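model_0.cif, holding mmCIF, C-alpha atoms and all ligand atoms:
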data_upload
#
loop_
_atom_site.label_atom_id
_atom_site.label_comp_id
_atom_site.auth_asym_id
_atom_site.auth_seq_id
_atom_site.Cartn_x
_atom_site.Cartn_y
_atom_site.Cartn_z
CA MET A 1 0.00 0.00 0.00
CA SER A 2 1.21 3.44 -0.86
CA SER A 3 2.27 5.43 2.14
CA PHE A 4 1.40 8.60 0.27
CA CYS A 5 -1.92 10.25 0.19
CA PHE A 6 -2.24 11.79 -3.25
CA ASN A 7 -4.00 15.08 -3.14
CA ARG A 8 -5.42 15.21 -6.66
CA ASP A 9 -7.50 18.20 -7.71
CA SER A 10 -8.21 18.90 -11.31
CA ILE A 11 -7.36 22.49 -12.03
CA LYS A 12 -6.91 24.64 -15.07
CA ASN A 13 -3.32 25.18 -15.98
CA ASN A 14 -2.66 28.80 -15.20
CA LYS A 15 0.55 28.98 -17.22
CA GLN A 16 -0.90 28.36 -20.66
CA LYS A 17 -4.63 28.14 -20.88
CA GLU A 18 -6.06 26.05 -23.68
CA ASP A 19 -9.67 24.97 -23.64
CA ASP A 20 -9.01 21.24 -23.73
CA ASP A 21 -6.11 21.22 -21.25
CA THR A 22 -6.33 20.03 -17.72
CA MET A 23 -3.58 19.89 -15.20
CA THR A 24 -3.80 17.98 -11.96
CA MET A 25 -2.46 19.07 -8.59
CA VAL A 26 -0.46 16.26 -6.98
CA ASN A 27 1.25 16.93 -3.65
CA GLY A 28 1.17 20.62 -4.55
CA TYR A 29 2.71 19.93 -7.98
CA GLU A 30 0.95 20.96 -11.18
CA GLN A 31 1.13 17.82 -13.33
CA SER A 32 0.10 17.65 -16.99
CA ASP A 33 -2.75 15.32 -17.92
CA ARG A 34 -2.54 16.07 -21.62
CA GLU A 35 -3.30 13.32 -24.09
CA LYS A 36 -3.35 14.80 -27.58
CA HIS A 37 -1.48 15.11 -30.85
CA ILE A 38 1.11 17.87 -31.00
CA LYS A 39 2.74 19.71 -33.86
CA VAL A 40 6.44 18.90 -33.94
CA VAL A 41 8.56 21.08 -36.22
CA ASP A 42 11.71 19.58 -34.79
CA LEU A 43 12.74 18.09 -31.47
CA GLU A 44 14.69 21.14 -30.36
CA SER A 45 11.66 23.41 -30.49
CA LEU A 46 9.73 21.23 -28.01
CA GLU A 47 11.76 22.59 -25.11
CA ALA A 48 10.36 26.12 -25.29
CA GLU A 49 6.80 24.78 -25.62
CA ALA A 50 7.19 22.44 -22.67
CA GLN A 51 8.70 25.17 -20.52
CA LYS A 52 5.36 26.97 -20.67
CA ILE A 53 3.60 24.13 -18.84
CA ILE A 54 6.18 22.29 -16.72
CA PRO A 55 6.64 23.90 -13.27
CA THR A 56 9.93 25.82 -12.91
CA GLY A 57 11.76 23.44 -10.54
CA ALA A 58 10.95 20.34 -12.59
CA PHE A 59 11.80 22.09 -15.85
CA GLY A 60 15.20 23.05 -14.40
CA TYR A 61 15.77 19.43 -13.31
CA ILE A 62 14.88 18.05 -16.75
CA SER A 63 16.56 20.62 -18.98
CA GLY A 64 19.62 21.37 -16.90
CA GLY A 65 23.22 20.18 -17.06
CA SER A 66 25.97 20.35 -14.49
CA GLU A 67 27.99 23.41 -13.39
CA ASP A 68 28.00 26.06 -16.15
CA GLU A 69 26.67 23.49 -18.69
CA TRP A 70 29.71 23.69 -20.96
CA THR A 71 29.59 19.94 -21.70
CA LEU A 72 25.85 20.14 -22.27
CA ARG A 73 26.50 22.74 -24.98
CA GLN A 74 29.38 20.68 -26.42
CA ASN A 75 26.97 17.79 -26.90
CA ARG A 76 25.20 19.83 -29.58
CA LYS A 77 28.32 21.48 -30.94
CA SER A 78 30.16 18.18 -31.41
CA PHE A 79 27.78 17.22 -34.23
CA THR A 80 29.17 20.11 -36.29
CA HIS A 81 32.61 18.47 -36.23
CA LYS A 82 31.62 15.91 -38.87
CA GLN A 83 29.60 16.36 -42.04
CA ILE A 84 27.52 14.14 -44.30
CA TYR A 85 28.42 14.07 -47.99
CA PRO A 86 25.35 14.45 -50.18
CA ARG A 87 25.11 11.50 -52.56
CA VAL A 88 23.18 11.43 -55.82
CA LEU A 89 22.79 8.87 -58.60
CA THR A 90 22.36 6.15 -55.98
CA ASP A 91 18.98 4.73 -57.07
CA VAL A 92 17.71 5.07 -53.50
CA GLU A 93 13.97 5.25 -52.85
CA LYS A 94 12.01 5.15 -49.56
CA PRO A 95 14.87 4.39 -47.16
CA GLU A 96 14.19 1.67 -44.63
CA ILE A 97 14.87 2.48 -40.96
CA SER A 98 14.08 -0.87 -39.36
CA THR A 99 17.01 -2.59 -37.72
CA ASN A 100 18.04 -5.40 -35.41
CA PHE A 101 19.77 -4.80 -32.10
CA MET A 102 21.07 -7.70 -30.00
CA GLY A 103 18.67 -10.03 -31.77
CA ILE A 104 15.67 -7.71 -31.30
CA ASP A 105 13.82 -6.49 -34.39
CA LEU A 106 13.05 -2.77 -34.18
CA LYS A 107 11.18 -0.43 -36.51
CA THR A 108 13.49 2.45 -35.64
CA PRO A 109 17.10 2.80 -34.49
CA ILE A 110 15.98 5.51 -32.04
CA MET A 111 15.31 4.36 -28.47
CA MET A 112 14.06 5.95 -25.26
CA PRO A 113 16.90 5.94 -22.72
CA PRO A 114 16.43 5.27 -19.01
CA LEU A 115 15.24 8.65 -17.76
CA ALA A 116 14.05 9.27 -14.21
CA ALA A 117 10.84 10.76 -12.89
CA GLN A 118 8.72 11.09 -16.03
CA GLY A 119 5.75 11.75 -13.75
CA LEU A 120 7.13 15.30 -13.61
CA ALA A 121 6.00 15.61 -17.23
CA ASN A 122 2.71 13.71 -17.28
CA SER A 123 0.45 11.84 -14.87
CA GLN A 124 0.82 8.74 -17.07
CA SER A 125 4.61 9.00 -16.71
CA GLU A 126 6.74 6.20 -18.22
CA LYS A 127 3.55 4.26 -18.99
CA ASP A 128 2.65 6.69 -21.79
CA THR A 129 6.22 6.80 -23.09
CA ALA A 130 6.24 2.98 -23.12
CA ARG A 131 2.93 2.87 -25.00
CA ALA A 132 4.25 5.31 -27.59
CA PHE A 133 7.50 3.43 -28.18
CA ALA A 134 5.65 0.12 -28.31
CA ALA A 135 3.21 1.53 -30.88
CA ALA A 136 6.13 2.69 -33.03
CA GLY A 137 8.07 -0.58 -32.74
CA GLY A 138 10.83 1.11 -30.72
CA LEU A 139 12.83 0.10 -27.68
CA MET A 140 12.54 1.75 -24.27
CA ALA A 141 14.46 1.47 -21.01
CA LEU A 142 13.11 2.24 -17.52
CA SER A 143 15.19 3.89 -14.80
CA THR A 144 15.06 2.73 -11.18
CA TYR A 145 14.15 6.34 -10.41
CA GLY A 146 11.16 6.24 -12.77
CA SER A 147 7.68 7.24 -11.62
CA ALA A 148 6.20 3.91 -12.76
CA THR A 149 6.87 0.49 -11.27
CA ILE A 150 8.66 -2.07 -13.41
CA ALA A 151 5.42 -4.08 -13.54
CA ASP A 152 3.32 -1.12 -14.75
CA PHE A 153 5.99 -0.20 -17.28
CA ALA A 154 6.02 -3.75 -18.66
CA LYS A 155 2.23 -3.81 -18.80
CA ALA A 156 2.15 -0.55 -20.76
CA GLY A 157 4.76 -1.92 -23.17
CA ASN A 158 2.43 -4.84 -23.86
CA GLY A 159 5.13 -7.21 -25.09
CA ALA A 160 7.36 -4.61 -26.78
CA PRO A 161 11.09 -5.00 -26.08
CA GLN A 162 12.14 -3.20 -22.90
CA PHE A 163 15.33 -2.83 -20.88
CA PHE A 164 15.75 -1.98 -17.20
CA GLN A 165 18.37 0.27 -15.61
CA PRO A 166 19.12 -0.48 -11.96
CA TYR A 167 20.75 2.21 -9.88
CA MET A 168 22.83 -0.03 -7.68
CA SER A 169 22.17 0.67 -4.03
CA LYS A 170 24.48 0.13 -1.07
CA ASN A 171 21.87 -2.43 0.00
CA ASP A 172 22.39 -5.69 -1.87
CA ASP A 173 18.95 -7.07 -0.97
CA PHE A 174 17.41 -4.05 -2.65
CA ASN A 175 19.57 -4.61 -5.74
CA LYS A 176 18.49 -8.23 -5.94
CA SER A 177 14.81 -7.40 -5.53
CA LEU A 178 15.07 -4.84 -8.35
CA LEU A 179 16.79 -7.32 -10.65
CA ASP A 180 14.28 -10.06 -9.73
CA GLU A 181 11.45 -7.71 -10.58
CA ALA A 182 13.09 -6.78 -13.91
CA LYS A 183 13.51 -10.42 -14.83
CA ARG A 184 10.00 -11.36 -13.71
CA ASN A 185 8.58 -8.63 -15.94
CA GLY A 186 10.41 -9.72 -19.06
CA MET A 187 13.08 -7.02 -19.38
CA LYS A 188 15.40 -8.10 -22.21
CA ALA A 189 18.62 -6.52 -20.89
CA ILE A 190 20.04 -4.62 -17.95
CA ILE A 191 21.63 -1.22 -18.44
CA LEU A 192 24.25 -0.56 -15.78
CA THR A 193 24.62 3.21 -15.58
CA ALA A 194 28.17 3.63 -14.35
CA ASP A 195 28.54 7.42 -14.59
CA SER A 196 26.20 8.30 -11.74
CA THR A 197 27.66 7.11 -8.48
CA LEU A 198 26.53 10.53 -7.33
CA GLY A 199 24.62 13.34 -9.01
CA GLY A 200 26.48 15.98 -11.04
CA TYR A 201 26.42 19.52 -9.60
CA ARG A 202 23.29 20.87 -11.26
CA GLU A 203 22.92 24.51 -10.42
CA ALA A 204 19.28 24.78 -11.54
CA ASP A 205 18.29 22.32 -8.79
CA VAL A 206 20.17 24.36 -6.22
CA ILE A 207 18.63 27.64 -7.37
CA ASN A 208 15.12 26.13 -7.38
CA ASN A 209 15.72 24.04 -4.25
CA PHE A 210 14.21 21.24 -6.30
CA GLN A 211 12.67 18.31 -4.42
CA PHE A 212 10.88 15.44 -6.17
CA PRO A 213 7.16 16.01 -5.68
CA ILE A 214 6.18 12.64 -7.20
CA PRO A 215 7.22 9.38 -5.54
CA MET A 216 9.71 7.11 -7.29
CA ALA A 217 7.54 4.04 -7.64
CA ASN A 218 10.25 1.38 -7.50
CA LEU A 219 11.91 2.90 -4.45
CA GLU A 220 8.53 3.14 -2.79
CA LYS A 221 7.59 -0.43 -3.69
CA LEU A 222 10.88 -1.94 -2.62
CA SER A 223 11.05 0.25 0.50
CA GLN A 224 14.16 2.33 -0.04
CA GLY A 225 12.37 5.52 0.91
CA ALA A 226 10.13 6.82 -1.80
CA GLY A 227 12.04 9.67 -3.35
CA LYS A 228 9.21 12.11 -2.78
CA GLY A 229 10.20 15.32 -1.04
CA GLN A 230 13.89 14.56 -1.51
CA GLY A 231 16.50 16.36 -3.58
CA ILE A 232 18.70 14.48 -6.01
CA ALA A 233 21.63 14.40 -3.56
CA ALA A 234 19.52 12.57 -0.98
CA ILE A 235 18.34 10.09 -3.60
CA TYR A 236 21.89 9.33 -4.70
CA ALA A 237 23.04 8.99 -1.09
CA ALA A 238 21.58 5.47 -1.07
CA ALA A 239 23.36 4.62 -4.35
CA ALA A 240 26.52 2.53 -4.51
CA GLN A 241 29.40 4.98 -4.87
CA LYS A 242 31.87 2.35 -5.98
CA ILE A 243 31.18 0.56 -9.23
CA GLY A 244 33.90 -1.54 -10.82
CA PRO A 245 34.09 -4.12 -13.62
CA ASP A 246 33.09 -6.92 -11.20
CA GLU A 247 29.61 -5.46 -10.99
CA ILE A 248 29.02 -6.35 -14.66
CA LYS A 249 29.67 -10.05 -14.19
CA LYS A 250 27.77 -10.08 -10.90
CA ILE A 251 24.62 -8.70 -12.54
CA ALA A 252 24.98 -10.91 -15.61
CA ASP A 253 25.40 -14.03 -13.44
CA TYR A 254 22.51 -13.11 -11.17
CA THR A 255 20.03 -12.22 -13.92
CA ASP A 256 21.28 -14.31 -16.84
CA LEU A 257 20.52 -11.22 -18.93
CA PRO A 258 22.86 -9.21 -21.17
CA VAL A 259 24.41 -6.25 -19.34
CA ILE A 260 24.96 -2.98 -21.21
CA VAL A 261 27.33 -0.49 -19.60
CA LYS A 262 26.13 3.12 -19.87
CA GLY A 263 28.17 6.25 -19.39
CA ILE A 264 31.25 5.20 -21.37
CA GLN A 265 33.22 8.20 -22.68
CA ASN A 266 36.66 6.69 -22.88
CA PRO A 267 38.17 3.74 -24.82
CA VAL A 268 39.86 2.51 -21.64
CA ASP A 269 36.49 2.03 -19.94
CA ALA A 270 35.08 0.40 -23.08
CA GLU A 271 37.91 -2.16 -22.90
CA LEU A 272 37.36 -2.75 -19.19
CA ALA A 273 33.64 -3.25 -19.73
CA ILE A 274 34.08 -5.69 -22.62
CA ASP A 275 36.72 -7.65 -20.72
CA ALA A 276 34.28 -7.92 -17.81
CA GLY A 277 31.56 -9.36 -20.05
CA ALA A 278 29.51 -6.33 -21.16
CA ALA A 279 27.08 -7.30 -23.91
CA ALA A 280 27.06 -3.76 -25.31
CA ILE A 281 28.69 -0.39 -24.73
CA TYR A 282 26.49 2.65 -24.18
CA VAL A 283 28.39 5.83 -25.06
CA SER A 284 26.79 8.70 -23.13
CA ASN A 285 27.68 11.59 -20.87
CA HIS A 286 24.21 11.55 -19.34
CA GLY A 287 23.11 14.49 -21.46
CA GLY A 288 25.76 16.75 -19.89
CA ARG A 289 24.33 16.24 -16.40
CA GLN A 290 27.27 14.50 -14.73
CA LEU A 291 30.92 15.50 -15.31
CA ASN A 292 31.11 19.03 -16.65
CA GLY A 293 34.29 19.90 -18.55
CA GLY A 294 34.24 16.64 -20.49
CA PRO A 295 34.02 16.52 -24.28
CA GLY A 296 30.81 16.46 -26.26
CA SER A 297 29.62 12.85 -26.38
CA PHE A 298 29.74 12.66 -30.19
CA ASP A 299 33.38 13.80 -30.15
CA VAL A 300 34.44 10.67 -28.25
CA LEU A 301 32.38 8.19 -30.28
CA PRO A 302 34.99 7.64 -33.08
CA GLU A 303 37.80 6.51 -30.77
CA ILE A 304 35.48 4.32 -28.72
CA ALA A 305 34.07 2.69 -31.86
CA VAL A 306 37.63 1.93 -32.98
CA ALA A 307 38.46 0.39 -29.58
CA VAL A 308 35.24 -1.67 -29.52
CA ALA A 309 35.92 -2.85 -33.08
CA LYS A 310 32.45 -4.39 -33.45
CA ARG A 311 33.10 -6.95 -30.69
CA VAL A 312 29.83 -5.79 -29.09
CA PRO A 313 27.18 -3.33 -30.31
CA ILE A 314 27.15 0.35 -29.32
CA ILE A 315 24.31 2.59 -28.16
CA PHE A 316 24.97 6.32 -28.34
CA ASP A 317 23.28 9.32 -26.73
CA SER A 318 23.64 12.90 -25.49
CA GLY A 319 22.68 15.80 -27.70
CA ILE A 320 20.89 14.11 -30.61
CA ARG A 321 18.10 16.38 -31.84
CA HIS A 322 17.95 16.03 -35.64
CA GLY A 323 17.79 13.36 -38.31
CA SER A 324 21.29 14.33 -39.40
CA ASP A 325 22.59 13.72 -35.84
CA VAL A 326 21.07 10.23 -35.88
CA PHE A 327 22.75 9.59 -39.22
CA LYS A 328 26.14 10.87 -38.02
CA ALA A 329 26.06 8.73 -34.86
CA LEU A 330 25.18 5.56 -36.80
CA ALA A 331 27.84 6.33 -39.41
CA THR A 332 30.39 6.73 -36.61
CA GLY A 333 29.90 3.31 -35.05
CA ALA A 334 26.62 3.42 -33.11
CA ASP A 335 24.10 0.63 -33.70
CA LEU A 336 21.29 2.37 -31.87
CA VAL A 337 20.82 5.93 -30.63
CA ALA A 338 18.83 7.33 -27.71
CA ILE A 339 17.20 10.72 -27.27
CA GLY A 340 16.21 11.92 -23.81
CA ARG A 341 14.81 15.33 -22.99
CA PRO A 342 12.76 16.00 -26.16
CA PHE A 343 10.58 12.92 -25.55
CA VAL A 344 9.93 14.10 -22.00
CA TYR A 345 8.82 17.47 -23.36
CA ALA A 346 6.57 15.69 -25.86
CA LEU A 347 5.16 13.64 -22.98
CA ALA A 348 4.27 16.82 -21.12
CA LEU A 349 2.72 18.42 -24.18
CA GLY A 350 0.71 15.48 -25.45
CA GLY A 351 1.14 12.30 -23.40
CA GLN A 352 1.40 9.10 -25.43
CA LEU A 353 0.24 10.82 -28.62
CA GLY A 354 2.77 13.60 -28.14
CA VAL A 355 5.63 11.11 -27.80
CA GLU A 356 4.36 9.23 -30.85
CA ASP A 357 4.34 12.49 -32.83
CA ALA A 358 7.87 13.39 -31.73
CA LEU A 359 9.21 9.94 -32.61
CA ALA A 360 7.43 9.97 -35.98
CA GLU A 361 8.93 13.37 -36.73
CA ILE A 362 12.54 12.40 -35.96
CA ASN A 363 12.09 9.12 -37.87
CA ARG A 364 10.84 11.13 -40.85
CA GLU A 365 13.75 13.59 -40.61
CA PHE A 366 16.19 10.70 -40.46
CA GLN A 367 14.62 9.12 -43.55
CA ILE A 368 15.01 12.38 -45.47
CA VAL A 369 18.69 12.50 -44.53
CA MET A 370 19.14 8.85 -45.54
CA GLN A 371 17.61 9.56 -48.95
CA LEU A 372 19.75 12.67 -49.54
CA ALA A 373 22.88 10.82 -48.44
CA GLY A 374 22.12 7.94 -50.80
CA THR A 375 21.55 5.26 -48.17
CA GLN A 376 18.77 2.68 -48.46
CA THR A 377 19.22 0.78 -45.20
CA ILE A 378 20.65 1.21 -41.71
CA GLU A 379 23.55 -1.02 -42.82
CA ASP A 380 24.24 1.49 -45.61
CA VAL A 381 24.26 4.32 -43.05
CA LYS A 382 26.70 2.41 -40.86
CA ASN A 383 28.99 1.92 -43.87
CA THR A 384 28.98 5.62 -44.78
CA LYS A 385 32.16 7.62 -44.34
CA LEU A 386 31.57 11.09 -42.93
CA ALA A 387 33.50 14.19 -43.93
CA ASP A 388 35.80 15.86 -41.44
CA LEU A 389 36.27 19.26 -43.00
CA SER A 390 35.85 21.49 -39.94
C1 LIG B 401 15.69 14.44 -16.49
C2 LIG B 401 16.68 13.38 -16.81
C3 LIG B 401 16.76 12.25 -15.99
C4 LIG B 401 17.65 11.23 -16.30
N1 LIG B 401 17.67 10.10 -15.53
C5 LIG B 401 18.49 9.08 -15.86
C6 LIG B 401 18.46 7.87 -15.11
O1 LIG B 401 17.69 7.71 -14.19
N2 LIG B 401 19.31 6.89 -15.50
C7 LIG B 401 20.18 7.03 -16.55
O2 LIG B 401 20.93 6.11 -16.86
N3 LIG B 401 20.21 8.16 -17.26
C8 LIG B 401 19.38 9.18 -16.96
N4 LIG B 401 19.39 10.32 -17.71
C9 LIG B 401 20.26 10.40 -18.90
C10 LIG B 401 19.55 9.83 -20.14
O3 LIG B 401 19.48 8.41 -20.06
C11 LIG B 401 20.31 10.15 -21.44
O4 LIG B 401 21.64 9.72 -21.30
C12 LIG B 401 20.30 11.65 -21.77
O5 LIG B 401 19.03 12.20 -21.56
C13 LIG B 401 20.68 11.84 -23.24
O6 LIG B 401 20.87 13.17 -23.52
P1 LIG B 401 19.78 14.10 -24.23
O7 LIG B 401 18.76 14.43 -23.18
O8 LIG B 401 20.60 15.26 -24.66
O9 LIG B 401 19.19 13.36 -25.40
C14 LIG B 401 18.51 11.35 -17.42
C15 LIG B 401 18.43 12.49 -18.22
C16 LIG B 401 17.53 13.49 -17.94
C17 LIG B 401 17.45 14.68 -18.84
#

Turn the structure described in the file into structure tokens.
Ligand SMILES: Cc1cc2nc3c(=O)[nH]c(=O)nc-3n(C[C@H](O)[C@H](O)[C@H](O)COP(=O)(O)O)c2cc1C
Amino acid sequence: MSSFCFNRDSIKNNKQKEDDDTMTMVNGYEQSDREKHIKVVDLESLEAEAQKIIPTGAFGYISGGSEDEWTLRQNRKSFTHKQIYPRVLTDVEKPEISTNFMGIDLKTPIMMPPLAAQGLANSQSEKDTARAFAAAGGLMALSTYGSATIADFAKAGNGAPQFFQPYMSKNDDFNKSLLDEAKRNGMKAIILTADSTLGGYREADVINNFQFPIPMANLEKLSQGAGKGQGIAAIYAAAAQKIGPDEIKKIADYTDLPVIVKGIQNPVDAELAIDAGAAAIYVSNHGGRQLNGGPGSFDVLPEIAVAVAKRVPIIFDSGIRHGSDVFKALATGADLVAIGRPFVYALALGGQLGVEDALAEINREFQIVMQLAGTQTIEDVKNTKLADLS
């Protein structure tokens, strides 16, 4: 039984009034209830729209990076360091974006990464995001710090491929119960996020004194304290602050599931992870939210891809916003890409339908780029050589 009494009052959103919009007050937090199609010009423009309806503290938590956000900005800038050669006379028509990742057939190479607390964006939280990705034949991962339980997430996915990302706690019983729950609910792989043994210094959260107004369902269920009314530092205080290569084998042995190591930004760590049995490498700097002063994530992808040398597949994220970014990442060694914040903004603006619209738009953009670059399939994209004329 939930230890929280939800104080739900339907109210009119006083930030941006639209006739068909309702917002709901939960624990004093104005939560979007929107379920409608949205117009998506591109993923970048969703941020300004979402800012109009997401309360200030939560918007700062979602959009922000660490310290002065230099690395966050580099994530975008790094995509300008490589270019795509236009190709003509290639006989390409209607490029095909379906792919296979670790034996899983997908209709798009774009996945939803593990991303905490989606209840900040919409009352249906990760459940709506899961429904949208399932409807589009895409892959989604759930964070331990999500607003939905693993069971509800799996139910919403309705058989679609899903991964789970445990935040390893200092309490091993808690870790085991999380992994048991992931396995019981059919998660196809475990993503070990290794870059977050504590939270990066995110100034927006300090300025806004941000505390999570919505409980973290898995923490609540498995009695680690519920996350509600806590800041990010308090949440991470229960997390394991030492993660080494042994953790990979331990999780793989315990779950008998493939373990993907997330947060790799250095070929040395890629080697360590593969030697320890990682089934895939997830190149990410957490969307510029952890170590500030590091390179843009796309800038480190080439050397990591060389080190990995196709021994295991690669997922890439941090800063992807356009079809051309997706193309560049796949052409640089990624097998799958993830996009974080824009889908959360789409979730706030339109719930499941909003996320579907955002995913359809970036798929469409990517297909246009594929056509103009003369590539028919994802394999063709992966075999494309980018220009380096900057
Ligand atoms: C609000 C927010 C919460 C996040 N929570 C998690 C998390 O719980 N676990 C995790 O591995 N990564 C988390 N991430 C990082 C994402 O998985 C992903 O790496 C990042 O969003 C990609 O960058 P992008 O937002 O620029 O696309 C979070 C990111 C954001 C923006």

Neighbour list for Ser318 in chain A as a list in words, cut-off 8 Å, only C-alpha atoms, skip fewer than 2 positions in-chain: Asn75, Ser284, Asn285, His286, Gly287, Gly288, Ser297, Phe298, Phe316, Ile320, Ala338, Ile339 and Gly340 of chain A

All residues within 8 Å of ligand LIG 401 (chain B) are required, counting only C-alpha atoms and all ligand atoms; please report them as a PyMOL selection string. chain A and resi 61-64+72+75+112-118+142-146+165+167+191-193+196+262-263+284-289+317-321+338-342+344

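With distances restricted to all atoms listed in the file, A:Ser147 is the closest residue to Lys221 in chain A from A:Gly186, A:Ser147, A:Ser169, A:Arg87.
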
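When only C-alpha atoms are used to measure the gap to Asp269 in chain A, the shortest distance among A:Gly65, A:Gly57, A:Gly244, A:Gly293 belongs to A:Gly244.
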
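Here CA of Phe366 in chain A and CA of Val326 in chain A stand 6.7 Å from one another.
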
Please provide the set of residues having any atom within 8 Å of Ile378 in chain A, restricted to only C-alpha atoms, with same-chain residues fewer than 5 positions apart removed, written as JSON, numbers by chain. {"A": [96, 97, 98, 99, 330]}

Which is closer to Val355 in chain A than all the others in A:Ile104, A:Ala132, A:Leu291, A:Val26, using all atoms listed in the file?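 Checking each candidate against Val355 in chain A, we get A:Ala132 as the closest.
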
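Neighbourhood of point (4.5, -5.0, -28.1): residues with an atom at most 8 Å away, counting only C-alpha atoms, are Ala134, Ala135, Gly137, Gly157, Asn158, Gly159, Ala160 and Pro161 of chain A.
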
Between CA of Leu46 in chain A and CA of Leu359 in chain A, what distance in Å does the model show, to one decimal? 12.2 Å

Given all atoms listed in the file as the counted atoms, nearest of A:Glu356, A:Glu203, A:Glu44, A:Asp152 to Gly138 in chain A: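 Counting all atoms listed in the file, the residue closest to Gly138 in chain A is A:Glu356.
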
Which polymer residues, whether protein, DNA or RNA, lie within 10 Å of the coordinate (6.0, 16.7, -31.7) when you count only C-alpha atoms? List them as JSON, numbers by chain, using the chain letters and numbers from the file. {"A": [37, 38, 39, 40, 41, 42, 43, 44, 45, 46, 342, 343, 345, 346, 347, 349, 350, 353, 354, 355, 356, 357, 358, 359, 360, 361, 362]}

Using only C-alpha atoms, pick whichever of A:Asn218, A:Ser390, A:Gln74, A:Thr90 has the shortest atom-to-atom distance to Thr375 in chain A.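 Going through A:Asn218, A:Ser390, A:Gln74, A:Thr90 one by one, the smallest distance to Thr375 in chain A is for A:Thr90.
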